[in-house]
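As provided, input.cif (mmCIF, C-alpha atoms and all ligand atoms) reads as follows.
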data_coords
loop_
_atom_site.label_atom_id
_atom_site.label_comp_id
_atom_site.auth_asym_id
_atom_site.auth_seq_id
_atom_site.Cartn_x
_atom_site.Cartn_y
_atom_site.Cartn_z
CA MET Y 1 98.25 -70.94 60.94
CA ARG Y 2 100.99 -69.80 58.55
CA SER Y 3 102.44 -66.54 59.74
CA PRO Y 4 100.65 -63.99 57.56
CA ARG Y 5 102.25 -61.01 55.88
CA GLU Y 6 98.98 -59.20 55.25
CA VAL Y 7 97.23 -57.15 57.90
CA ALA Y 8 93.95 -55.24 57.68
CA VAL Y 9 93.70 -52.29 60.07
CA VAL Y 10 90.14 -51.06 60.55
CA GLY Y 11 90.20 -47.35 61.43
CA ALA Y 12 92.74 -44.83 60.09
CA GLY Y 13 92.59 -42.66 63.20
CA LEU Y 14 95.60 -41.83 65.35
CA VAL Y 15 96.35 -45.36 66.52
CA GLY Y 16 95.47 -47.19 63.28
CA CYS Y 17 97.87 -44.99 61.29
CA LEU Y 18 100.72 -45.39 63.77
CA ALA Y 19 100.13 -49.17 63.89
CA ALA Y 20 100.37 -49.22 60.08
CA CYS Y 21 103.79 -47.50 60.31
CA TYR Y 22 105.08 -50.06 62.80
CA LEU Y 23 103.77 -53.00 60.79
CA ALA Y 24 105.10 -51.69 57.48
CA ARG Y 25 108.51 -51.34 59.08
CA ARG Y 26 108.35 -55.06 59.86
CA GLY Y 27 107.59 -55.75 56.20
CA TYR Y 28 103.85 -56.36 56.42
CA GLU Y 29 101.40 -55.47 53.65
CA VAL Y 30 98.97 -53.21 55.48
CA THR Y 31 95.53 -52.10 54.30
CA LEU Y 32 93.77 -49.38 56.26
CA TYR Y 33 89.96 -49.22 56.03
CA GLU Y 34 88.46 -45.97 57.24
CA ARG Y 35 84.79 -45.01 57.60
CA ARG Y 36 85.34 -41.28 57.02
CA PRO Y 37 86.49 -39.53 53.85
CA ASP Y 38 90.22 -38.99 53.40
CA PRO Y 39 91.18 -36.58 56.24
CA ARG Y 40 93.86 -35.03 54.04
CA HIS Y 41 91.03 -33.35 52.11
CA ALA Y 42 88.31 -33.01 54.77
CA ALA Y 43 87.70 -30.34 57.44
CA ALA Y 44 87.96 -31.31 61.13
CA GLU Y 45 84.69 -32.32 62.80
CA ARG Y 46 83.24 -29.49 64.82
CA GLY Y 47 83.44 -29.76 68.59
CA ARG Y 48 85.30 -33.08 68.77
CA SER Y 49 88.52 -32.55 70.71
CA ILE Y 50 90.17 -30.24 68.20
CA ASN Y 51 93.49 -30.51 69.98
CA LEU Y 52 95.03 -32.93 72.42
CA ALA Y 53 98.02 -33.19 74.71
CA ILE Y 54 100.78 -35.58 73.70
CA SER Y 55 103.28 -36.47 76.41
CA GLU Y 56 106.51 -38.45 76.65
CA ARG Y 57 104.76 -41.82 76.42
CA GLY Y 58 103.29 -40.94 73.06
CA ILE Y 59 106.41 -39.14 71.88
CA ASP Y 60 108.50 -42.21 72.68
CA ALA Y 61 106.24 -44.31 70.44
CA LEU Y 62 106.54 -41.73 67.66
CA ARG Y 63 110.32 -41.46 68.09
CA ARG Y 64 110.80 -45.19 67.57
CA VAL Y 65 109.48 -44.86 64.00
CA GLY Y 66 111.15 -41.50 63.40
CA LEU Y 67 107.96 -39.43 63.59
CA ASP Y 68 108.54 -37.37 66.74
CA GLU Y 69 110.06 -34.38 64.97
CA ALA Y 70 107.40 -34.26 62.26
CA VAL Y 71 104.68 -34.29 64.92
CA LEU Y 72 106.35 -31.95 67.42
CA LYS Y 73 107.20 -29.26 64.91
CA ALA Y 74 103.56 -28.17 64.98
CA ALA Y 75 103.17 -28.65 68.75
CA LEU Y 76 102.91 -26.01 71.46
CA PRO Y 77 104.75 -27.08 74.64
CA MET Y 78 102.86 -26.59 77.92
CA PRO Y 79 105.35 -26.86 80.83
CA GLY Y 80 102.67 -26.39 83.49
CA ARG Y 81 99.06 -25.65 84.26
CA MET Y 82 97.59 -22.22 84.86
CA MET Y 83 94.74 -22.13 87.35
CA HIS Y 84 92.02 -19.51 86.91
CA ALA Y 85 90.24 -18.66 90.18
CA PRO Y 86 86.66 -17.32 90.01
CA ASP Y 87 87.97 -13.78 90.71
CA GLY Y 88 90.43 -14.05 87.81
CA THR Y 89 93.55 -14.67 89.93
CA LEU Y 90 96.05 -16.84 88.06
CA SER Y 91 98.41 -19.42 89.61
CA PHE Y 92 100.96 -21.35 87.58
CA GLN Y 93 101.88 -24.91 88.63
CA PRO Y 94 104.86 -26.37 86.71
CA TYR Y 95 104.66 -30.02 85.70
CA SER Y 96 108.30 -30.71 86.62
CA ALA Y 97 110.65 -29.47 89.34
CA ASP Y 98 112.99 -27.86 86.82
CA GLY Y 99 110.05 -26.46 84.84
CA ARG Y 100 111.54 -27.82 81.62
CA ARG Y 101 109.41 -30.87 80.97
CA ALA Y 102 106.22 -30.22 79.05
CA ILE Y 103 103.18 -31.83 77.54
CA ASN Y 104 102.42 -30.73 74.00
CA SER Y 105 99.25 -29.28 72.52
CA ILE Y 106 98.73 -30.74 69.05
CA SER Y 107 95.91 -30.42 66.53
CA ARG Y 108 94.11 -33.76 66.26
CA ALA Y 109 93.47 -33.28 62.54
CA GLU Y 110 97.08 -32.31 61.87
CA LEU Y 111 98.39 -35.26 63.89
CA ASN Y 112 96.09 -37.65 62.05
CA ARG Y 113 97.21 -36.26 58.68
CA THR Y 114 100.91 -36.51 59.61
CA LEU Y 115 100.52 -40.13 60.73
CA LEU Y 116 98.42 -41.09 57.71
CA GLU Y 117 100.91 -39.53 55.30
CA ALA Y 118 103.77 -41.28 57.09
CA ALA Y 119 101.97 -44.63 56.84
CA LEU Y 120 101.08 -44.20 53.17
CA GLY Y 121 104.66 -43.18 52.45
CA MET Y 122 105.89 -46.59 53.57
CA PRO Y 123 106.13 -49.59 51.23
CA GLY Y 124 103.15 -51.93 51.31
CA VAL Y 125 100.63 -49.57 52.95
CA ARG Y 126 97.39 -48.51 51.25
CA ALA Y 127 94.14 -47.03 52.50
CA PHE Y 128 90.49 -47.21 51.51
CA PHE Y 129 88.32 -44.34 52.76
CA GLU Y 130 84.53 -44.26 53.10
CA HIS Y 131 84.70 -47.95 54.00
CA ARG Y 132 82.64 -48.56 57.13
CA LEU Y 133 83.04 -52.02 58.63
CA THR Y 134 79.61 -53.57 59.03
CA GLY Y 135 80.47 -57.24 59.55
CA LEU Y 136 83.38 -59.48 60.45
CA ASP Y 137 83.77 -63.24 60.36
CA VAL Y 138 86.41 -64.06 62.93
CA ASP Y 139 87.13 -67.55 61.58
CA SER Y 140 87.86 -66.51 58.00
CA GLY Y 141 88.90 -62.87 58.47
CA ARG Y 142 86.17 -61.75 56.06
CA MET Y 143 85.21 -58.10 56.53
CA ASP Y 144 82.08 -56.49 55.11
CA PHE Y 145 82.09 -52.79 54.37
CA ALA Y 146 79.47 -50.22 53.44
CA THR Y 147 80.92 -47.86 50.82
CA PRO Y 148 79.37 -45.09 48.68
CA GLY Y 149 79.42 -47.58 45.79
CA GLY Y 150 77.62 -50.31 47.78
CA ALA Y 151 78.64 -53.24 49.97
CA VAL Y 152 82.07 -54.84 49.49
CA SER Y 153 83.84 -57.73 51.24
CA ARG Y 154 87.55 -58.27 51.80
CA THR Y 155 89.51 -60.98 53.60
CA ALA Y 156 92.71 -60.78 55.60
CA PRO Y 157 94.54 -63.30 57.82
CA VAL Y 158 95.00 -60.61 60.50
CA VAL Y 159 92.39 -57.97 61.30
CA LEU Y 160 93.24 -55.22 63.79
CA GLY Y 161 90.41 -53.11 65.17
CA ALA Y 162 91.68 -49.55 65.66
CA ASP Y 163 88.20 -48.17 65.10
CA GLY Y 164 87.78 -46.22 68.31
CA ALA Y 165 85.59 -46.38 71.40
CA TYR Y 166 82.49 -47.56 69.51
CA SER Y 167 84.50 -50.18 67.62
CA ALA Y 168 82.62 -52.38 65.15
CA VAL Y 169 85.43 -54.95 65.36
CA ARG Y 170 85.03 -55.17 69.15
CA ALA Y 171 81.24 -55.35 68.78
CA ARG Y 172 81.73 -58.54 66.76
CA LEU Y 173 84.08 -60.00 69.39
CA GLN Y 174 81.58 -59.12 72.14
CA SER Y 175 79.16 -61.66 70.71
CA LEU Y 176 81.67 -64.48 71.24
CA PRO Y 177 81.62 -66.61 74.38
CA GLY Y 178 84.23 -65.73 77.01
CA PHE Y 179 84.61 -62.13 75.93
CA ASP Y 180 84.19 -59.56 78.75
CA PHE Y 181 83.22 -55.99 78.07
CA SER Y 182 82.05 -53.15 80.30
CA GLN Y 183 81.25 -49.48 79.76
CA ASP Y 184 80.75 -46.83 82.42
CA TYR Y 185 79.49 -43.39 81.53
CA LEU Y 186 80.16 -40.41 83.78
CA ASP Y 187 77.20 -38.23 84.61
CA TYR Y 188 79.17 -35.45 82.92
CA GLY Y 189 79.34 -34.20 79.36
CA TYR Y 190 81.75 -31.92 77.54
CA LYS Y 191 81.38 -29.05 75.13
CA GLU Y 192 84.10 -27.28 73.17
CA LEU Y 193 84.32 -23.48 73.11
CA THR Y 194 86.85 -21.12 71.53
CA ILE Y 195 88.98 -18.23 72.73
CA PRO Y 196 90.09 -16.66 69.45
CA ALA Y 197 93.34 -14.75 68.92
CA ARG Y 198 93.17 -11.15 70.14
CA ASP Y 199 94.82 -8.62 67.81
CA GLY Y 200 96.62 -11.55 66.18
CA GLU Y 201 98.11 -12.75 69.48
CA PHE Y 202 97.23 -15.37 72.09
CA ALA Y 203 94.66 -13.99 74.52
CA LEU Y 204 96.15 -16.17 77.32
CA ASP Y 205 99.64 -17.49 78.04
CA PRO Y 206 100.23 -20.24 75.41
CA GLY Y 207 102.85 -21.93 77.60
CA ALA Y 208 100.31 -23.60 79.88
CA LEU Y 209 97.30 -25.85 80.02
CA HIS Y 210 94.65 -23.54 81.49
CA ILE Y 211 92.19 -24.85 84.07
CA TRP Y 212 89.14 -23.21 85.60
CA PRO Y 213 88.39 -25.52 88.58
CA ARG Y 214 84.89 -24.96 89.91
CA GLY Y 215 84.29 -27.77 92.40
CA GLN Y 216 81.78 -30.04 90.64
CA ALA Y 217 82.69 -28.70 87.20
CA MET Y 218 85.65 -27.29 85.29
CA MET Y 219 86.90 -25.91 82.02
CA ILE Y 220 90.30 -26.44 80.42
CA ALA Y 221 91.94 -24.67 77.46
CA LEU Y 222 94.82 -25.72 75.20
CA PRO Y 223 96.59 -23.38 72.76
CA ASN Y 224 96.45 -23.82 68.96
CA PRO Y 225 99.05 -22.76 66.37
CA ASP Y 226 96.59 -20.15 64.95
CA ARG Y 227 96.85 -18.40 68.37
CA SER Y 228 93.38 -19.43 69.45
CA PHE Y 229 92.57 -21.65 72.44
CA THR Y 230 90.21 -24.59 72.36
CA CYS Y 231 88.36 -24.77 75.66
CA THR Y 232 86.55 -27.84 76.91
CA LEU Y 233 83.81 -27.38 79.44
CA PHE Y 234 83.17 -30.42 81.65
CA TRP Y 235 79.80 -30.01 83.28
CA PRO Y 236 77.30 -32.34 84.98
CA LYS Y 237 74.60 -33.57 82.65
CA SER Y 238 71.85 -32.93 85.21
CA GLY Y 239 71.30 -31.00 88.46
CA PRO Y 240 72.39 -27.49 89.42
CA GLY Y 241 74.85 -25.85 86.98
CA SER Y 242 74.36 -28.65 84.46
CA PHE Y 243 73.90 -28.76 80.69
CA ALA Y 244 70.28 -29.80 81.30
CA GLU Y 245 69.58 -26.83 83.58
CA LEU Y 246 71.42 -24.23 81.47
CA ASP Y 247 69.63 -25.22 78.31
CA THR Y 248 69.07 -21.88 76.60
CA ALA Y 249 71.70 -19.53 75.19
CA GLU Y 250 70.66 -16.84 77.68
CA ARG Y 251 70.83 -19.07 80.79
CA PHE Y 252 74.10 -20.56 79.63
CA ALA Y 253 75.73 -17.15 78.94
CA GLU Y 254 74.54 -15.69 82.24
CA PHE Y 255 75.89 -18.62 84.27
CA PHE Y 256 79.12 -18.73 82.26
CA ALA Y 257 79.74 -14.99 82.72
CA ALA Y 258 79.22 -15.34 86.49
CA HIS Y 259 81.52 -18.34 87.02
CA TYR Y 260 84.12 -18.04 84.24
CA ALA Y 261 84.26 -14.24 83.98
CA ASP Y 262 87.82 -13.86 82.68
CA ALA Y 263 87.25 -16.45 79.92
CA HIS Y 264 83.81 -15.05 79.08
CA ALA Y 265 85.40 -11.68 78.30
CA LEU Y 266 87.59 -13.41 75.67
CA MET Y 267 84.83 -15.39 73.92
CA PRO Y 268 83.00 -13.34 71.28
CA ASP Y 269 81.68 -16.55 69.65
CA LEU Y 270 80.30 -18.10 72.83
CA ALA Y 271 76.66 -18.13 71.70
CA ASP Y 272 77.57 -19.71 68.36
CA ASP Y 273 79.80 -22.36 69.95
CA TYR Y 274 77.11 -23.14 72.50
CA ALA Y 275 74.45 -23.55 69.82
CA HIS Y 276 76.47 -25.60 67.35
CA ASN Y 277 79.00 -27.69 69.27
CA PRO Y 278 77.60 -31.00 70.48
CA ILE Y 279 77.70 -32.25 74.07
CA GLY Y 280 80.15 -35.17 74.12
CA HIS Y 281 79.95 -38.18 76.43
CA LEU Y 282 82.65 -39.39 78.81
CA VAL Y 283 83.02 -43.13 79.02
CA THR Y 284 85.41 -45.78 80.29
CA MET Y 285 85.35 -49.06 78.35
CA ARG Y 286 87.13 -52.21 79.44
CA THR Y 287 87.63 -55.28 77.31
CA ASP Y 288 89.10 -58.71 77.97
CA PRO Y 289 90.69 -60.37 76.05
CA TRP Y 290 91.97 -57.98 73.40
CA GLN Y 291 92.30 -60.63 70.74
CA VAL Y 292 90.62 -63.73 69.37
CA ARG Y 293 92.16 -66.50 67.32
CA GLY Y 294 89.82 -67.78 64.60
CA ALA Y 295 90.26 -70.93 62.48
CA ARG Y 296 92.07 -69.09 59.67
CA ALA Y 297 92.46 -65.55 61.03
CA ALA Y 298 93.55 -63.60 64.08
CA VAL Y 299 91.72 -60.50 65.30
CA GLY Y 300 93.10 -57.95 67.77
CA LEU Y 301 92.17 -54.57 69.24
CA LEU Y 302 94.29 -51.44 69.59
CA GLY Y 303 93.70 -47.97 71.05
CA ASP Y 304 90.27 -46.85 72.17
CA ALA Y 305 88.72 -49.98 70.67
CA ALA Y 306 90.44 -51.92 73.48
CA HIS Y 307 90.43 -49.28 76.23
CA ALA Y 308 88.46 -46.03 75.94
CA ILE Y 309 89.22 -43.82 78.95
CA VAL Y 310 88.01 -40.42 80.16
CA PRO Y 311 90.28 -37.58 78.98
CA PHE Y 312 91.36 -36.11 82.34
CA TYR Y 313 94.87 -37.46 82.27
CA GLY Y 314 95.31 -36.61 78.58
CA GLN Y 315 96.54 -40.16 78.00
CA GLY Y 316 94.07 -41.92 75.69
CA ALA Y 317 96.03 -41.44 72.48
CA ASN Y 318 99.35 -41.76 74.31
CA CYS Y 319 98.20 -45.12 75.64
CA GLY Y 320 97.08 -46.23 72.17
CA PHE Y 321 100.49 -45.28 70.79
CA GLU Y 322 102.10 -47.45 73.47
CA ASP Y 323 99.94 -50.35 72.25
CA CYS Y 324 101.72 -50.09 68.88
CA VAL Y 325 105.13 -50.31 70.57
CA GLU Y 326 104.14 -53.37 72.60
CA LEU Y 327 102.60 -55.19 69.65
CA ASP Y 328 105.76 -54.55 67.65
CA ARG Y 329 107.86 -55.87 70.56
CA CYS Y 330 105.71 -59.01 70.81
CA LEU Y 331 105.99 -59.62 67.07
CA ALA Y 332 109.77 -59.38 67.37
CA GLU Y 333 109.83 -61.74 70.37
CA THR Y 334 107.63 -64.36 68.69
CA GLY Y 335 109.35 -64.29 65.30
CA ASP Y 336 106.24 -62.67 63.82
CA ASP Y 337 103.87 -65.38 64.98
CA PHE Y 338 100.95 -62.95 64.81
CA PRO Y 339 98.33 -64.86 66.85
CA GLU Y 340 100.86 -65.55 69.59
CA ALA Y 341 102.14 -61.96 69.51
CA LEU Y 342 98.58 -60.62 69.84
CA ALA Y 343 97.91 -62.83 72.86
CA ARG Y 344 101.15 -61.73 74.52
CA TYR Y 345 100.51 -58.06 73.70
CA GLY Y 346 96.97 -58.11 75.10
CA ALA Y 347 98.03 -59.85 78.31
CA ARG Y 348 100.79 -57.29 78.89
CA ARG Y 349 98.93 -54.12 77.98
CA LYS Y 350 95.67 -54.79 79.81
CA GLU Y 351 96.93 -53.96 83.31
CA HIS Y 352 98.51 -50.72 82.07
CA ALA Y 353 95.30 -49.69 80.32
CA ASP Y 354 93.23 -50.50 83.42
CA THR Y 355 95.59 -48.44 85.57
CA ILE Y 356 95.50 -45.34 83.39
CA ALA Y 357 91.70 -45.67 83.22
CA GLU Y 358 91.56 -45.45 87.03
CA LEU Y 359 94.08 -42.60 87.18
CA ALA Y 360 92.13 -40.66 84.57
CA LEU Y 361 88.93 -40.94 86.60
CA ALA Y 362 90.75 -39.85 89.78
CA ASN Y 363 92.36 -36.92 88.01
CA PHE Y 364 88.96 -35.43 87.20
CA VAL Y 365 88.37 -34.88 90.92
CA GLU Y 366 91.86 -33.44 91.31
CA MET Y 367 91.56 -31.07 88.35
CA ARG Y 368 88.12 -29.72 89.07
CA ASP Y 369 88.54 -29.50 92.84
CA LYS Y 370 91.85 -30.18 94.53
CA VAL Y 371 94.16 -28.14 92.32
CA ALA Y 372 92.28 -25.04 93.48
CA SER Y 373 92.76 -25.70 97.19
CA ARG Y 374 95.25 -23.42 98.97
CA SER Y 375 97.48 -26.26 100.15
CA PHE Y 376 97.92 -27.45 96.58
CA LEU Y 377 98.94 -24.14 95.12
CA LEU Y 378 102.67 -23.97 94.45
CA GLN Y 379 105.28 -21.47 93.52
CA LYS Y 380 104.44 -18.77 91.08
CA ARG Y 381 101.38 -16.62 91.72
CA VAL Y 382 100.68 -14.29 88.86
CA GLU Y 383 98.44 -11.28 89.30
CA HIS Y 384 95.72 -11.14 86.68
CA GLY Y 385 96.01 -8.48 84.00
P1 LIG H 401 89.92 -42.78 67.13
O1 LIG H 401 90.76 -41.57 67.20
O2 LIG H 401 88.51 -42.68 67.58
O3 LIG H 401 89.98 -43.31 65.64
C1 LIG H 401 89.16 -44.38 65.22
C2 LIG H 401 89.03 -44.33 63.71
O4 LIG H 401 88.25 -45.43 63.29
C3 LIG H 401 88.31 -43.07 63.22
O5 LIG H 401 89.03 -42.51 62.15
C4 LIG H 401 86.95 -43.58 62.80
O6 LIG H 401 86.36 -42.82 61.77
C5 LIG H 401 87.28 -44.99 62.35
N1 LIG H 401 86.13 -45.90 62.44
C6 LIG H 401 85.21 -46.00 63.43
N2 LIG H 401 84.31 -46.96 63.16
C7 LIG H 401 84.68 -47.50 61.96
C8 LIG H 401 84.13 -48.55 61.15
N3 LIG H 401 83.02 -49.22 61.51
N4 LIG H 401 84.75 -48.83 59.99
C9 LIG H 401 85.88 -48.17 59.61
N5 LIG H 401 86.43 -47.16 60.33
C10 LIG H 401 85.84 -46.84 61.50
N6 LIG H 401 94.22 -38.41 74.40
C11 LIG H 401 95.47 -37.96 74.69
O7 LIG H 401 96.44 -38.73 74.60
N7 LIG H 401 95.67 -36.67 75.08
C12 LIG H 401 94.65 -35.78 75.21
O8 LIG H 401 94.86 -34.62 75.56
C13 LIG H 401 93.32 -36.22 74.91
N8 LIG H 401 92.28 -35.38 75.01
C14 LIG H 401 91.03 -35.82 74.74
C15 LIG H 401 89.96 -34.95 74.87
C16 LIG H 401 88.67 -35.38 74.62
C17 LIG H 401 87.52 -34.41 74.81
C18 LIG H 401 88.44 -36.72 74.21
C19 LIG H 401 87.05 -37.21 73.91
C20 LIG H 401 89.51 -37.59 74.05
C21 LIG H 401 90.81 -37.16 74.32
N9 LIG H 401 91.91 -38.02 74.21
C22 LIG H 401 93.16 -37.58 74.50
C23 LIG H 401 91.71 -39.43 73.82
C24 LIG H 401 92.05 -39.64 72.35
O9 LIG H 401 91.24 -38.79 71.58
C25 LIG H 401 91.78 -41.09 71.97
O10 LIG H 401 92.38 -41.94 72.91
C26 LIG H 401 92.37 -41.37 70.59
O11 LIG H 401 91.71 -40.60 69.63
C27 LIG H 401 92.20 -42.85 70.28
O12 LIG H 401 92.69 -43.09 69.00
P2 LIG H 401 92.10 -44.31 68.17
O13 LIG H 401 92.83 -44.26 66.86
O14 LIG H 401 92.14 -45.54 68.98
O15 LIG H 401 90.56 -43.97 67.97
#
Rewritten as structure tokens:
Amino acid sequence: MRSPREVAVVGAGLVGCLAACYLARRGYEVTLYERRPDPRHAAAERGRSINLAISERGIDALRRVGLDEAVLKAALPMPGRMMHAPDGTLSFQPYSADGRRAINSISRAELNRTLLEAALGMPGVRAFFEHRLTGLDVDSGRMDFATPGGAVSRTAPVVLGADGAYSAVRARLQSLPGFDFSQDYLDYGYKELTIPARDGEFALDPGALHIWPRGQAMMIALPNPDRSFTCTLFWPKSGPGSFAELDTAERFAEFFAAHYADAHALMPDLADDYAHNPIGHLVTMRTDPWQVRGARAAVGLLGDAAHAIVPFYGQGANCGFEDCVELDRCLAETGDDFPEALARYGARRKEHADTIAELALANFVEMRDKVASRSFLLQKRVEHG
């Protein structure tokens, strides 16, 4: 196949937009197709990971295309984690020995907008919104989309699926012989809650990722630039203290007040958040291979489409950003032989993605349980209040 200069990226989320930046820098004509309306004009979806932690792995990928400063200027550094005991006692655990290294709380919507604007600011990049991929012919690279104006078809010699955990591109590959795919759901769900600003200031220390470890369950909170905190409650789906058991506003509030008392006192909108924010699922998805070579097209997967992981290491997006770096490296090594570069990229990245998937699962046990044990508690103990 002639080395193509046109690439279709399905999904203008975090990874699709960064991939477009990398590809445009190599001189490719990139077309992004996104199911949702243009995020530059739309409000963030309620209750879907409003913020996320970006760490050095992700920052490195941003730095290589000159986007680290634009992204980090809106970020809140978190140099450690603050543990909240049931009696309200606080203990700070720094992430690095010198206390200077931090992970960064960033608004998902803001990050997506920054990356999209960066991509569209580069020569050869364009985007079509409200284009939901409904079909893909791997041999020809023909893509079918549902749009508000009806069905449309487009063709590209390279199609990259950056369309998230429930990827339509991957679904098409799954029907091909020799393609392995697995998904494992945790028996846990998550719900987002809010601690608003108090008298215009942060109600908790903004220089930490806050954790309420409660044995079989936990809550975390990350600061936002508007001085609120977005909290994520990770609870079992069934059994004692689960979403199924605490299924009315009254039961939920009573249980929450008993087990998360210090946070409860800071949450005037708890009943509203509980009623309106959905319960999200936690899934690990593994895929092999990450690419398929058709007769006249090459198809590859990036980001969650290739490797959805549970969020307990805060590495899903970071890992997807690293995919972009590796694909770029493989394109350089192969003289932009796209099918060959995709094969090399997938073979190299898979073991890293599998490893972070395992670490993320293990970190759930550590965060909800072990970080609260006496032997684990380090250094600074801060009296509540
Ligand atoms: P997505 O962000 O899901 O983007 C996919 C895009 O494709 C979307 O815009 C979607 O609309 C579009 N799309 C989907 N289907 C179609 C279709 N058929 N046609 C066209 N477009 C389509 N990661 C971190 O690094 N740090 C964190 O702290 C962190 N916290 C998290 C907390 C929670 C609760 C969760 C659930 C995840 C968290 N993650 C975190 C993981 C992170 O959100 C994902 O890894 C990241 O969003 C993956 O980016 P992506 O671009 O691959 O997929």
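Distances here use all atoms listed in the file; by that measure, the residue among Y:Gly314, Y:Gly99, Y:Gly66, Y:Pro278 closest to ligand LIG 401 (chain H) is Y:Gly314.
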Distance limit 6 Å, reference ligand LIG 401 (chain H), atoms considered: all atoms listed in the file. Which residues make the cut? Give them as a VMD selection string.
chain Y and resid 10 to 16 33 to 36 49 52 to 54 131 to 133 162 to 164 167 to 168 303 to 305 311 314 to 318 320
Give the answer as one residue: which of Y:Leu90, Y:Leu18, Y:Ala119, Y:Met83 has the shortest atom-to-atom distance to Met219 in chain Y, using all atoms listed in the file?
Y:Met83
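For the residues Y:Ser140, Y:Thr230, Y:Ser175, Y:Asn363, ranking by smallest atom-to-atom distance to Ala297 in chain Y using all atoms listed in the file places Y:Ser140 first.
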Would you give me, as JSON lines, each residue of range 197-220 of chain Y having an atom within 10 Å of an atom of range 105-111 of chain Y, along with its shortest atom pair and that distance in Å to one decimal, using all atoms listed in the file and sorting by chain and residue number?
{"residue": "Y:Pro206", "atom": "CA", "partner": "Y:Ser105", "partner_atom": "CA", "distance": 9.5}
{"residue": "Y:Gly207", "atom": "CA", "partner": "Y:Ser105", "partner_atom": "CA", "distance": 9.6}
{"residue": "Y:Ala208", "atom": "CA", "partner": "Y:Ser105", "partner_atom": "CA", "distance": 9.4}
{"residue": "Y:Leu209", "atom": "CA", "partner": "Y:Ser105", "partner_atom": "CA", "distance": 8.5}
May I have the selected residues written with C-alpha atoms, as a CSV table (one decimal), in the frame of the given file?
chain,number,residue,atom,x,y,z
Y,206,PRO,CA,100.2,-20.2,75.4
Y,207,GLY,CA,102.8,-21.9,77.6
Y,208,ALA,CA,100.3,-23.6,79.9
Y,209,LEU,CA,97.3,-25.8,80.0
At a cut-off of 9 Å, using all atoms listed in the file, what residues contact Ala197 in chain Y? Leave out same-chain residues fewer than 6 positions from it and give the result as a PyMOL selection string.
chain Y and resi 203-204+226-229+266
From CA of Gly161 in chain Y to CA of Phe234 in chain Y the spacing works out at 29.0 Å
